[in-house]
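*Asks:* structure24.cif is reproduced below (mmCIF, C-alpha atoms and all ligand atoms).
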data_start
#
loop_
_atom_site.label_atom_id
_atom_site.label_comp_id
_atom_site.auth_asym_id
_atom_site.auth_seq_id
_atom_site.Cartn_x
_atom_site.Cartn_y
_atom_site.Cartn_z
CA MET A 21 -64.22 156.22 -93.98
CA LEU A 22 -65.08 158.38 -90.98
CA LYS A 23 -67.19 155.57 -89.67
CA ARG A 24 -64.25 153.18 -89.99
CA THR A 25 -61.88 155.62 -88.26
CA LEU A 26 -64.39 156.18 -85.45
CA ALA A 27 -64.89 152.46 -85.04
CA ALA A 28 -61.12 152.00 -84.85
CA CYS A 29 -60.91 154.77 -82.27
CA ILE A 30 -63.65 153.24 -80.17
CA ALA A 31 -62.00 149.83 -80.40
CA ALA A 32 -58.68 151.33 -79.36
CA THR A 33 -60.27 153.19 -76.44
CA THR A 34 -62.11 150.12 -75.26
CA MET A 35 -58.94 148.10 -75.48
CA THR A 36 -57.00 150.60 -73.42
CA ALA A 37 -59.79 150.83 -70.87
CA ALA A 38 -59.92 147.08 -70.48
CA THR A 39 -56.19 146.59 -70.19
CA ALA A 40 -54.91 149.81 -68.63
CA ALA A 41 -54.85 148.56 -65.05
CA ASP A 42 -51.63 148.21 -63.12
CA VAL A 43 -50.91 145.05 -61.25
CA GLU A 44 -49.05 145.30 -57.98
CA VAL A 45 -47.09 142.08 -57.61
CA LEU A 46 -45.57 140.87 -54.36
CA HIS A 47 -42.61 138.52 -54.80
CA TYR A 48 -39.23 137.69 -53.25
CA TRP A 49 -37.16 137.19 -56.37
CA THR A 50 -34.19 139.48 -55.86
CA SER A 51 -31.08 137.38 -56.67
CA GLY A 52 -29.47 137.67 -60.13
CA GLY A 53 -31.26 134.71 -61.72
CA GLU A 54 -34.54 135.45 -59.95
CA ALA A 55 -34.60 139.13 -60.90
CA LYS A 56 -33.99 138.23 -64.53
CA SER A 57 -36.88 135.76 -64.40
CA VAL A 58 -39.43 138.11 -62.88
CA ALA A 59 -38.35 140.88 -65.26
CA TYR A 60 -39.69 138.76 -68.09
CA LEU A 61 -43.14 138.64 -66.51
CA LYS A 62 -43.07 142.39 -66.26
CA GLU A 63 -42.05 142.58 -69.92
CA LYS A 64 -44.89 140.32 -71.07
CA LEU A 65 -47.44 142.33 -69.12
CA THR A 66 -46.11 145.64 -70.35
CA GLU A 67 -46.43 144.35 -73.93
CA ALA A 68 -50.03 143.41 -73.15
CA GLY A 69 -50.75 146.93 -71.85
CA VAL A 70 -50.72 146.08 -68.14
CA GLY A 71 -48.54 148.27 -65.90
CA TRP A 72 -46.27 146.63 -63.31
CA LYS A 73 -45.92 147.90 -59.78
CA ASP A 74 -43.05 145.97 -58.26
CA PHE A 75 -43.48 144.85 -54.66
CA ALA A 76 -40.27 142.90 -54.01
CA VAL A 77 -39.51 141.83 -50.44
CA ALA A 78 -36.00 140.39 -50.24
CA GLY A 79 -35.37 137.20 -48.28
CA GLY A 80 -34.84 133.71 -49.69
CA GLY A 81 -37.60 131.19 -49.11
CA GLY A 82 -40.12 134.02 -48.79
CA GLU A 83 -40.61 134.25 -45.02
CA ASN A 84 -40.17 138.05 -44.99
CA ALA A 85 -42.48 138.44 -47.96
CA MET A 86 -45.21 136.42 -46.22
CA THR A 87 -44.97 138.60 -43.13
CA VAL A 88 -45.38 141.75 -45.22
CA LEU A 89 -48.24 140.19 -47.17
CA LYS A 90 -50.14 139.42 -43.98
CA SER A 91 -49.86 142.97 -42.71
CA ARG A 92 -51.05 144.38 -46.06
CA ALA A 93 -53.97 141.95 -46.19
CA VAL A 94 -55.02 142.67 -42.62
CA SER A 95 -54.99 146.41 -43.29
CA GLY A 96 -57.32 145.86 -46.26
CA THR A 97 -54.84 146.69 -49.02
CA PRO A 98 -53.54 143.38 -50.38
CA PRO A 99 -51.52 143.50 -53.61
CA THR A 100 -53.15 142.43 -56.88
CA ALA A 101 -51.13 139.22 -56.92
CA ALA A 102 -48.66 137.56 -54.58
CA GLN A 103 -46.16 134.77 -54.92
CA ILE A 104 -47.74 132.19 -52.63
CA LYS A 105 -47.87 128.47 -53.06
CA GLY A 106 -48.90 125.06 -51.81
CA PRO A 107 -51.30 124.66 -48.88
CA SER A 108 -51.00 128.40 -48.15
CA ILE A 109 -53.17 129.05 -51.19
CA GLN A 110 -55.94 127.09 -49.47
CA GLU A 111 -55.40 128.99 -46.22
CA TRP A 112 -55.77 132.36 -48.00
CA GLY A 113 -58.76 131.04 -49.95
CA ASP A 114 -60.48 129.82 -46.78
CA LEU A 115 -60.08 133.31 -45.31
CA GLY A 116 -61.91 134.74 -48.33
CA PHE A 117 -59.07 136.83 -49.73
CA LEU A 118 -58.64 135.29 -53.17
CA ALA A 119 -60.15 136.13 -56.56
CA ASP A 120 -61.48 133.47 -58.83
CA ILE A 121 -59.73 133.45 -62.22
CA ASP A 122 -61.59 130.38 -63.41
CA SER A 123 -62.92 132.03 -66.57
CA VAL A 124 -59.34 132.57 -67.84
CA ALA A 125 -58.42 129.03 -66.86
CA GLN A 126 -61.45 127.53 -68.62
CA ALA A 127 -61.03 129.66 -71.75
CA ASN A 128 -57.40 128.55 -72.01
CA ASN A 129 -57.97 124.93 -71.03
CA TRP A 130 -55.68 124.87 -68.00
CA ASP A 131 -56.97 121.49 -66.81
CA ALA A 132 -55.50 119.93 -69.94
CA LEU A 133 -52.30 122.02 -69.85
CA LEU A 134 -51.26 121.21 -66.28
CA PRO A 135 -50.39 117.99 -64.47
CA SER A 136 -53.00 117.39 -61.77
CA VAL A 137 -50.33 117.48 -59.04
CA VAL A 138 -49.97 121.15 -60.02
CA SER A 139 -53.54 122.15 -60.95
CA ASP A 140 -55.03 120.71 -57.74
CA VAL A 141 -52.97 123.16 -55.69
CA MET A 142 -54.04 126.15 -57.83
CA LYS A 143 -57.75 125.66 -57.10
CA HIS A 144 -59.80 126.63 -54.11
CA GLU A 145 -63.17 124.94 -53.87
CA GLY A 146 -62.76 123.70 -57.42
CA LYS A 147 -61.99 127.11 -58.97
CA TYR A 148 -58.60 128.43 -60.06
CA VAL A 149 -57.33 131.19 -57.77
CA ALA A 150 -53.63 130.98 -58.67
CA ALA A 151 -51.43 130.47 -61.73
CA PRO A 152 -48.27 128.29 -61.67
CA VAL A 153 -45.07 129.63 -63.20
CA ASN A 154 -42.78 126.63 -62.82
CA VAL A 155 -41.78 123.37 -61.17
CA HIS A 156 -38.60 123.50 -59.12
CA ARG A 157 -36.83 120.32 -58.05
CA VAL A 158 -35.40 120.85 -54.58
CA ASN A 159 -33.27 117.72 -54.11
CA TRP A 160 -30.20 118.77 -56.06
CA LEU A 161 -26.50 118.78 -55.36
CA TRP A 162 -24.51 121.47 -57.21
CA ALA A 163 -20.81 120.73 -57.51
CA ASN A 164 -17.67 122.38 -58.86
CA PRO A 165 -15.66 119.58 -60.58
CA ALA A 166 -12.39 121.56 -60.45
CA VAL A 167 -12.56 121.65 -56.65
CA PHE A 168 -13.17 117.91 -56.53
CA GLN A 169 -10.20 117.34 -58.79
CA LYS A 170 -7.93 119.45 -56.60
CA ALA A 171 -8.92 117.43 -53.55
CA GLY A 172 -8.82 114.05 -55.28
CA ALA A 173 -12.48 113.53 -54.38
CA THR A 174 -15.40 112.12 -56.35
CA ILE A 175 -18.95 113.38 -56.52
CA PRO A 176 -20.96 111.44 -53.92
CA THR A 177 -24.17 109.52 -54.58
CA THR A 178 -24.96 108.41 -51.02
CA TRP A 179 -24.86 110.33 -47.74
CA ASP A 180 -22.16 108.06 -46.28
CA ASP A 181 -19.99 108.72 -49.30
CA PHE A 182 -20.81 112.43 -49.08
CA ILE A 183 -19.19 112.54 -45.66
CA VAL A 184 -16.11 110.62 -46.86
CA GLN A 185 -15.61 112.87 -49.93
CA ALA A 186 -16.34 116.06 -47.96
CA LYS A 187 -13.59 115.18 -45.48
CA LYS A 188 -11.09 114.82 -48.33
CA ILE A 189 -12.08 118.29 -49.54
CA LYS A 190 -11.74 119.73 -46.06
CA ASP A 191 -8.30 118.12 -45.66
CA ALA A 192 -7.26 119.81 -48.91
CA GLY A 193 -8.06 123.16 -47.28
CA LEU A 194 -11.27 123.81 -49.21
CA ILE A 195 -14.86 124.25 -48.03
CA PRO A 196 -16.86 121.07 -48.67
CA LEU A 197 -20.38 122.48 -48.34
CA ALA A 198 -21.38 126.06 -49.18
CA HIS A 199 -24.21 126.85 -46.82
CA GLY A 200 -26.15 129.84 -45.63
CA GLY A 201 -27.13 129.59 -41.99
CA GLN A 202 -30.77 130.65 -42.25
CA ALA A 203 -33.59 128.47 -40.97
CA TRP A 204 -35.08 127.78 -44.41
CA GLN A 205 -31.68 126.75 -45.80
CA ASP A 206 -31.07 124.46 -42.82
CA ALA A 207 -34.51 122.96 -43.53
CA THR A 208 -33.67 122.54 -47.24
CA VAL A 209 -30.56 120.49 -46.41
CA PHE A 210 -32.46 118.58 -43.71
CA GLU A 211 -35.15 117.72 -46.28
CA ALA A 212 -32.51 116.29 -48.64
CA VAL A 213 -31.15 114.14 -45.81
CA VAL A 214 -34.66 112.94 -44.90
CA LEU A 215 -35.28 111.87 -48.49
CA GLY A 216 -31.83 110.35 -49.05
CA VAL A 217 -31.66 108.43 -45.80
CA GLY A 218 -35.32 107.46 -45.40
CA GLY A 219 -36.52 107.17 -49.00
CA ALA A 220 -39.72 108.54 -50.50
CA ASP A 221 -42.15 106.32 -48.54
CA TYR A 222 -40.68 107.36 -45.20
CA TYR A 223 -40.63 111.00 -46.37
CA GLN A 224 -44.29 110.88 -47.39
CA LYS A 225 -45.49 109.14 -44.23
CA ALA A 226 -43.43 111.18 -41.79
CA PHE A 227 -43.26 114.66 -43.33
CA VAL A 228 -46.42 114.88 -45.44
CA GLU A 229 -48.90 112.66 -43.60
CA LEU A 230 -47.19 113.45 -40.26
CA ASP A 231 -47.59 109.86 -39.06
CA GLN A 232 -46.34 109.83 -35.49
CA ALA A 233 -45.06 106.24 -35.48
CA THR A 234 -42.98 106.87 -38.60
CA LEU A 235 -41.61 110.12 -37.15
CA ALA A 236 -40.66 108.26 -33.98
CA SER A 237 -39.01 105.35 -35.85
CA ASP A 238 -35.29 104.49 -35.90
CA THR A 239 -35.00 105.98 -39.38
CA THR A 240 -35.45 109.43 -37.84
CA ASP A 241 -32.43 108.81 -35.56
CA GLU A 242 -30.39 107.95 -38.62
CA VAL A 243 -31.59 111.11 -40.39
CA PHE A 244 -30.44 113.25 -37.48
CA ARG A 245 -27.14 111.39 -37.25
CA VAL A 246 -26.29 112.17 -40.88
CA PHE A 247 -27.61 115.75 -40.61
CA GLY A 248 -25.40 116.25 -37.55
CA GLU A 249 -22.31 115.10 -39.49
CA LEU A 250 -22.78 118.06 -41.84
CA ARG A 251 -22.20 120.58 -39.04
CA GLY A 252 -18.46 120.11 -39.43
CA LEU A 253 -18.45 120.43 -43.23
CA ILE A 254 -19.46 124.08 -43.59
CA ASP A 255 -17.34 127.20 -42.99
CA GLU A 256 -17.51 129.45 -39.97
CA ASN A 257 -18.92 132.39 -41.91
CA SER A 258 -22.11 130.60 -42.88
CA PRO A 259 -24.48 132.12 -40.25
CA GLY A 260 -26.94 134.47 -41.95
CA ARG A 261 -25.42 134.05 -45.41
CA ASP A 262 -27.87 134.35 -48.32
CA TRP A 263 -28.34 131.25 -50.47
CA ASN A 264 -27.10 132.95 -53.65
CA VAL A 265 -23.89 134.00 -51.90
CA ALA A 266 -23.39 130.32 -51.01
CA THR A 267 -23.98 129.45 -54.68
CA SER A 268 -21.34 131.97 -55.72
CA MET A 269 -18.83 130.13 -53.50
CA VAL A 270 -19.35 127.03 -55.63
CA ILE A 271 -19.23 129.09 -58.83
CA ASN A 272 -15.88 130.67 -57.94
CA GLY A 273 -14.28 127.50 -56.59
CA GLU A 274 -14.16 128.47 -52.93
CA ALA A 275 -16.47 125.60 -52.01
CA ALA A 276 -17.13 122.20 -53.57
CA MET A 277 -20.89 121.73 -53.21
CA GLN A 278 -24.24 123.20 -52.34
CA ILE A 279 -27.48 121.39 -51.56
CA MET A 280 -30.17 123.65 -52.98
CA GLY A 281 -33.19 123.68 -55.28
CA ASP A 282 -32.64 124.45 -58.94
CA TRP A 283 -33.14 128.20 -58.50
CA ALA A 284 -29.37 127.87 -57.82
CA LYS A 285 -28.97 127.08 -61.51
CA GLY A 286 -30.26 130.56 -62.30
CA GLU A 287 -27.13 131.92 -60.58
CA PHE A 288 -24.78 129.65 -62.56
CA THR A 289 -26.56 130.75 -65.74
CA VAL A 290 -26.27 134.46 -64.95
CA ALA A 291 -22.56 133.87 -64.26
CA GLY A 292 -22.22 132.42 -67.79
CA LYS A 293 -21.44 128.88 -66.59
CA THR A 294 -22.26 125.70 -68.51
CA PRO A 295 -23.61 122.55 -66.85
CA GLY A 296 -21.44 119.48 -67.32
CA VAL A 297 -18.41 121.74 -67.92
CA ASP A 298 -18.08 124.41 -65.25
CA TYR A 299 -20.46 122.79 -62.79
CA VAL A 300 -22.31 119.56 -62.27
CA CYS A 301 -25.89 118.98 -61.16
CA VAL A 302 -26.72 115.60 -59.66
CA ALA A 303 -29.55 114.42 -57.43
CA ALA A 304 -28.82 115.01 -53.74
CA PRO A 305 -27.22 111.88 -52.22
CA GLY A 306 -29.48 108.85 -52.19
CA THR A 307 -32.34 110.62 -54.00
CA SER A 308 -31.79 109.89 -57.68
CA GLY A 309 -35.21 108.28 -58.24
CA ALA A 310 -37.05 110.91 -56.25
CA PHE A 311 -38.19 114.48 -56.78
CA THR A 312 -39.14 116.98 -54.09
CA PHE A 313 -41.32 119.41 -55.99
CA ASN A 314 -41.77 123.11 -55.33
CA VAL A 315 -44.23 124.88 -57.61
CA ASP A 316 -44.07 128.67 -57.60
CA SER A 317 -47.34 130.40 -58.30
CA PHE A 318 -49.10 133.71 -58.12
CA ALA A 319 -52.36 133.87 -56.23
CA PHE A 320 -54.75 136.68 -57.05
CA PHE A 321 -56.31 138.83 -54.34
CA ALA A 322 -59.95 139.88 -54.69
CA GLN A 323 -60.32 143.36 -56.19
CA SER A 324 -63.45 145.48 -56.53
CA ASP A 325 -62.11 147.58 -59.37
CA ALA A 326 -62.90 146.25 -62.87
CA ASP A 327 -59.59 147.46 -64.32
CA ALA A 328 -57.67 145.69 -61.59
CA GLN A 329 -59.62 142.51 -62.33
CA ALA A 330 -58.79 142.85 -66.02
CA GLY A 331 -55.11 143.22 -65.12
CA GLN A 332 -55.25 140.05 -63.04
CA GLN A 333 -56.85 138.12 -65.85
CA GLU A 334 -54.25 139.25 -68.34
CA MET A 335 -51.50 138.28 -65.89
CA ALA A 336 -53.00 134.83 -65.41
CA LYS A 337 -53.28 134.37 -69.16
CA GLN A 338 -49.68 135.42 -69.82
CA ILE A 339 -48.31 133.11 -67.11
CA LEU A 340 -49.59 129.97 -68.79
CA GLY A 341 -48.46 131.12 -72.26
CA GLU A 342 -45.83 128.94 -73.94
CA ASP A 343 -43.47 131.83 -74.49
CA PHE A 344 -43.53 132.95 -70.86
CA GLN A 345 -43.20 129.38 -69.55
CA GLU A 346 -40.12 128.83 -71.67
CA VAL A 347 -38.19 132.06 -71.13
CA PHE A 348 -39.05 132.40 -67.45
CA ASN A 349 -37.92 128.85 -66.68
CA LEU A 350 -34.73 129.11 -68.73
CA ASN A 351 -33.78 132.00 -66.45
CA LYS A 352 -35.14 130.58 -63.21
CA GLY A 353 -33.50 127.13 -63.38
CA SER A 354 -36.84 125.34 -63.08
CA ILE A 355 -38.92 123.47 -65.66
CA PRO A 356 -42.23 124.65 -67.11
CA ALA A 357 -45.41 123.85 -65.21
CA ARG A 358 -47.17 123.64 -68.57
CA LEU A 359 -47.17 120.18 -70.18
CA GLY A 360 -46.05 119.40 -73.71
CA MET A 361 -43.45 122.17 -74.02
CA ALA A 362 -40.51 121.82 -76.42
CA ARG A 363 -37.32 120.74 -74.60
CA ASP A 364 -34.74 121.90 -77.15
CA ASN A 365 -33.71 125.17 -75.52
CA PHE A 366 -33.34 123.68 -72.05
CA ASP A 367 -30.01 122.40 -70.71
CA SER A 368 -28.99 118.98 -69.40
CA CYS A 369 -29.99 119.77 -65.78
CA ALA A 370 -33.48 120.79 -66.92
CA HIS A 371 -33.75 117.62 -69.03
CA ALA A 372 -32.75 115.53 -66.01
CA SER A 373 -35.40 117.31 -63.97
CA MET A 374 -38.09 116.81 -66.65
CA ASP A 375 -37.28 113.09 -66.85
CA ALA A 376 -37.19 112.67 -63.07
CA PHE A 377 -40.52 114.48 -62.72
CA VAL A 378 -42.24 112.02 -65.05
CA ALA A 379 -40.43 108.90 -63.76
CA SER A 380 -40.88 109.69 -60.06
CA ALA A 381 -44.61 110.30 -60.55
CA GLN A 382 -44.86 106.67 -61.67
CA THR A 383 -42.84 105.16 -58.83
CA GLY A 384 -44.19 107.19 -55.91
CA GLY A 385 -40.96 109.17 -55.65
CA LEU A 386 -42.63 112.50 -56.44
CA VAL A 387 -43.11 114.22 -53.09
CA PRO A 388 -43.94 117.80 -52.07
CA SER A 389 -41.17 119.88 -50.49
CA PHE A 390 -41.86 120.59 -46.82
CA ALA A 391 -39.00 123.09 -46.67
CA HIS A 392 -40.65 125.11 -49.44
CA GLY A 393 -44.23 125.30 -48.33
CA MET A 394 -45.66 122.52 -50.50
CA ALA A 395 -46.42 119.75 -48.02
CA VAL A 396 -47.83 120.95 -44.72
CA SER A 397 -49.41 124.00 -43.10
CA GLU A 398 -47.30 127.02 -42.24
CA ALA A 399 -47.55 126.09 -38.56
CA VAL A 400 -46.12 122.62 -39.11
CA SER A 401 -43.41 123.72 -41.52
CA GLY A 402 -42.44 126.44 -39.04
CA ALA A 403 -42.10 123.77 -36.34
CA ILE A 404 -39.88 121.66 -38.60
CA TYR A 405 -37.73 124.71 -39.44
CA ASP A 406 -37.22 125.42 -35.73
CA VAL A 407 -36.21 121.87 -34.90
CA ALA A 408 -33.87 121.55 -37.89
CA THR A 409 -32.16 124.86 -37.25
CA ASN A 410 -31.81 124.35 -33.48
CA TYR A 411 -30.34 120.94 -34.06
CA PHE A 412 -27.93 122.04 -36.77
CA ASN A 413 -26.66 124.94 -34.66
CA SER A 414 -26.10 122.98 -31.46
CA ASP A 415 -24.54 119.75 -30.30
CA GLN A 416 -27.86 118.01 -29.69
CA SER A 417 -27.78 114.22 -30.11
CA PRO A 418 -29.86 112.45 -32.76
CA ALA A 419 -32.18 111.24 -29.96
CA ASP A 420 -32.72 114.87 -28.85
CA GLY A 421 -33.42 115.92 -32.43
CA LYS A 422 -35.98 113.18 -32.87
CA SER A 423 -37.87 113.83 -29.65
CA GLN A 424 -38.01 117.57 -30.35
CA LEU A 425 -39.28 116.90 -33.85
CA VAL A 426 -42.04 114.57 -32.68
CA GLU A 427 -43.15 117.01 -29.99
CA ALA A 428 -42.99 120.14 -32.16
CA ILE A 429 -44.99 118.58 -34.98
CA GLN A 430 -47.62 117.25 -32.60
CA ALA A 431 -47.99 120.67 -30.99
CA ALA A 432 -48.35 122.41 -34.38
CA MET A 433 -50.95 120.02 -35.86
C1 LIG B 1 -38.11 129.10 -52.96
C2 LIG B 1 -38.87 129.61 -54.14
C3 LIG B 1 -37.95 129.78 -55.28
C4 LIG B 1 -36.64 130.44 -54.91
C5 LIG B 1 -36.16 130.23 -53.50
C6 LIG B 1 -35.17 131.23 -52.95
O1 LIG B 1 -38.98 128.85 -51.89
O2 LIG B 1 -39.85 128.69 -54.48
O3 LIG B 1 -38.61 130.41 -56.33
O4 LIG B 1 -36.43 131.57 -55.51
O5 LIG B 1 -37.16 130.05 -52.57
O6 LIG B 1 -35.80 132.41 -52.61
#
Write out the structure in this file as structure tokens.

*Replies:*
Amino acid sequence: MLKRTLAACIAATTMTAATAADVEVLHYWTSGGEAKSVAYLKEKLTEAGVGWKDFAVAGGGGENAMTVLKSRAVSGTPPTAAQIKGPSIQEWGDLGFLADIDSVAQANNWDALLPSVVSDVMKHEGKYVAAPVNVHRVNWLWANPAVFQKAGATIPTTWDDFIVQAKKIKDAGLIPLAHGGQAWQDATVFEAVVLGVGGADYYQKAFVELDQATLASDTTDEVFRVFGELRGLIDENSPGRDWNVATSMVINGEAAMQIMGDWAKGEFTVAGKTPGVDYVCVAAPGTSGAFTFNVDSFAFFAQSDADAQAGQQEMAKQILGEDFQEVFNLNKGSIPARLGMARDNFDSCAHASMDAFVASAQTGGLVPSFAHGMAVSEAVSGAIYDVATNYFNSDQSPADGKSQLVEAIQAAM
């Protein structure tokens, strides 16, 4: 009996020792829907005996968070895990900062659980160094049908029609496009125009492969022409506005539409709104067969402490769990990164995203989001941000926009 009790005690002690570590997690999820999503990760880890040290750095798109991360890494105290994604994971891996969590990935069969478009990005030199939480679709248009009805407008499916319908809404005294004037939001709208006007092949050649001839083609003039038309369709208070504040303008009927990734859906959900009733989600104009993907992930920073390593491994394991992938994504507005998940609890927007993800992968319409760090290096995406935001906030001509884009990308490559 004593032996059994002692054995149980030892087992309990060992368990605590192996799982007692805290994880310090850097992220930028501070809006209503985002905070609810990340809270679930904290909950799962707490249940598993891992303490959570929250390291939230506000600022949509994550630019502020990345600046803070760099200063912590340079001073030799990186967090246990940080929300980084896309080619940045490779950049951090090349610098030798990341921890290999391949044993967790192998034990849990991640190669079979993830589409290769996702798993490839999570590996550095063939080993997993990051865990994906979701797949966001960026090319969405969020619309308030009551506002459209008031203005006698219809939900647009092409950019030319977008401009026609938006003018009707403006004439009715309402705001056509809810927008936050921050560089990453300008780039998000610009990306939707690139995809809708140029199509997926143009997008891939120009903004992923950075082919100079494609960037300098007439299609780029047309992209800037349409993008320029949108300047007159936003309200004068947009400079500096946060993306979730713009979403709330659509939610409360002040504005008709927002072009934003499906993290916007998290805000509609928190506000108790139902898709197809209170709001409508459709592909951004001209992009119905395409899908700009944005996979959020946590990369793990090398730790010397065994407890900290155990905490990282538990976090990686929880992230790919079915339960986490479902609840987190219901809150976040995205779809699970993990394959083969039940669809029943997801709404019609998520179903549309799941279907478009599969269909676009077959047609070549599945492209990485350059506005959300999935397509090109930080230097190149920074150059695109600058050009898009300068253009949108000035009266530059399409020809000016194009020449600045070609030059800025060339200089950043
Ligand atoms: C994206 C990120 C999303 C989202 C958004 C706003 O780049 O992938 O998770 O929350 O920014 O911050």

*Asks:* Taking only C-alpha atoms and all ligand atoms into account, list the residues no farther than 10 Å from ligand LIG 1 (chain B), as an NGL selection string.

*Replies:* :A and (47-51 or 53-55 or 57 or 78-83 or 103-105 or 153-158 or 204-205 or 208 or 262-264 or 280-284 or 286 or 313-317 or 352-354 or 389 or 391-394)

*Asks:* What are the closest atom pairs, with distances in Å to one decimal, for all residues of stretch 262-342 of chain A lying within 10 Å of stretch 110-122 of chain A? Consider only C-alpha atoms, order rows by chain and residue number, and present the result as JSON lines.

*Replies:*
{"residue": "A:Ala319", "atom": "CA", "partner": "A:Leu118", "partner_atom": "CA", "distance": 7.1}
{"residue": "A:Phe320", "atom": "CA", "partner": "A:Ala119", "partner_atom": "CA", "distance": 5.5}
{"residue": "A:Phe321", "atom": "CA", "partner": "A:Leu118", "partner_atom": "CA", "distance": 4.4}
{"residue": "A:Ala322", "atom": "CA", "partner": "A:Ala119", "partner_atom": "CA", "distance": 4.2}
{"residue": "A:Gln323", "atom": "CA", "partner": "A:Ala119", "partner_atom": "CA", "distance": 7.2}
{"residue": "A:Ser324", "atom": "CA", "partner": "A:Ala119", "partner_atom": "CA", "distance": 9.9}
{"residue": "A:Gln329", "atom": "CA", "partner": "A:Ala119", "partner_atom": "CA", "distance": 8.6}
{"residue": "A:Gln332", "atom": "CA", "partner": "A:Ile121", "partner_atom": "CA", "distance": 8.0}
{"residue": "A:Gln333", "atom": "CA", "partner": "A:Ile121", "partner_atom": "CA", "distance": 6.6}
{"residue": "A:Ala336", "atom": "CA", "partner": "A:Ile121", "partner_atom": "CA", "distance": 7.6}
{"residue": "A:Lys337", "atom": "CA", "partner": "A:Ile121", "partner_atom": "CA", "distance": 9.5}

*Asks:* Grab the atom CA of A:Glu44 to atom CA of A:Pro99 distance for me, in Å with one decimal place.

*Replies:*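 For atom CA of A:Glu44 relative to atom CA of A:Pro99, the distance reads 5.3 Å.
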
*Asks:* Nearest residue to A:Val387 out of A:Val297, A:Leu89, A:Leu235, A:Ala226, using all atoms listed in the file?

*Replies:*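 For A:Val387, the nearest of the candidates is A:Ala226.
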
*Asks:* Rounded to one decimal, what separation in Å do you get between atom CA of A:Phe348 and atom CA of A:Leu61?

*Replies:* 7.5 Å

*Asks:* What separation in Å, quoted to one decimal, exists between atom CA of A:Met433 and atom CA of A:Phe247?

*Replies:* 24.2 Å

*Asks:* Tell me which protein, DNA and RNA residues are within 8 Å of A:Ile279, counting only C-alpha atoms, leaving out same-chain ones fewer than 4 positions away, and put them as a count of residues only.

*Replies:* 10

*Asks:* Rank nothing, just name the residue among A:Glu229, A:Asp420, A:Asp221, A:Asp191 nearest to A:Gly385, using all atoms listed in the file.

*Replies:*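 Result for the nearest residue to A:Gly385: A:Asp221.
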
*Asks:* For a quick check of your reading of the model, name the residues lying within 7 Å of the coordinate (-46.1, 148.5, -60.3), counting only C-alpha atoms, and write them as number ranges by chain.

*Replies:* A: 42-44, 71-74
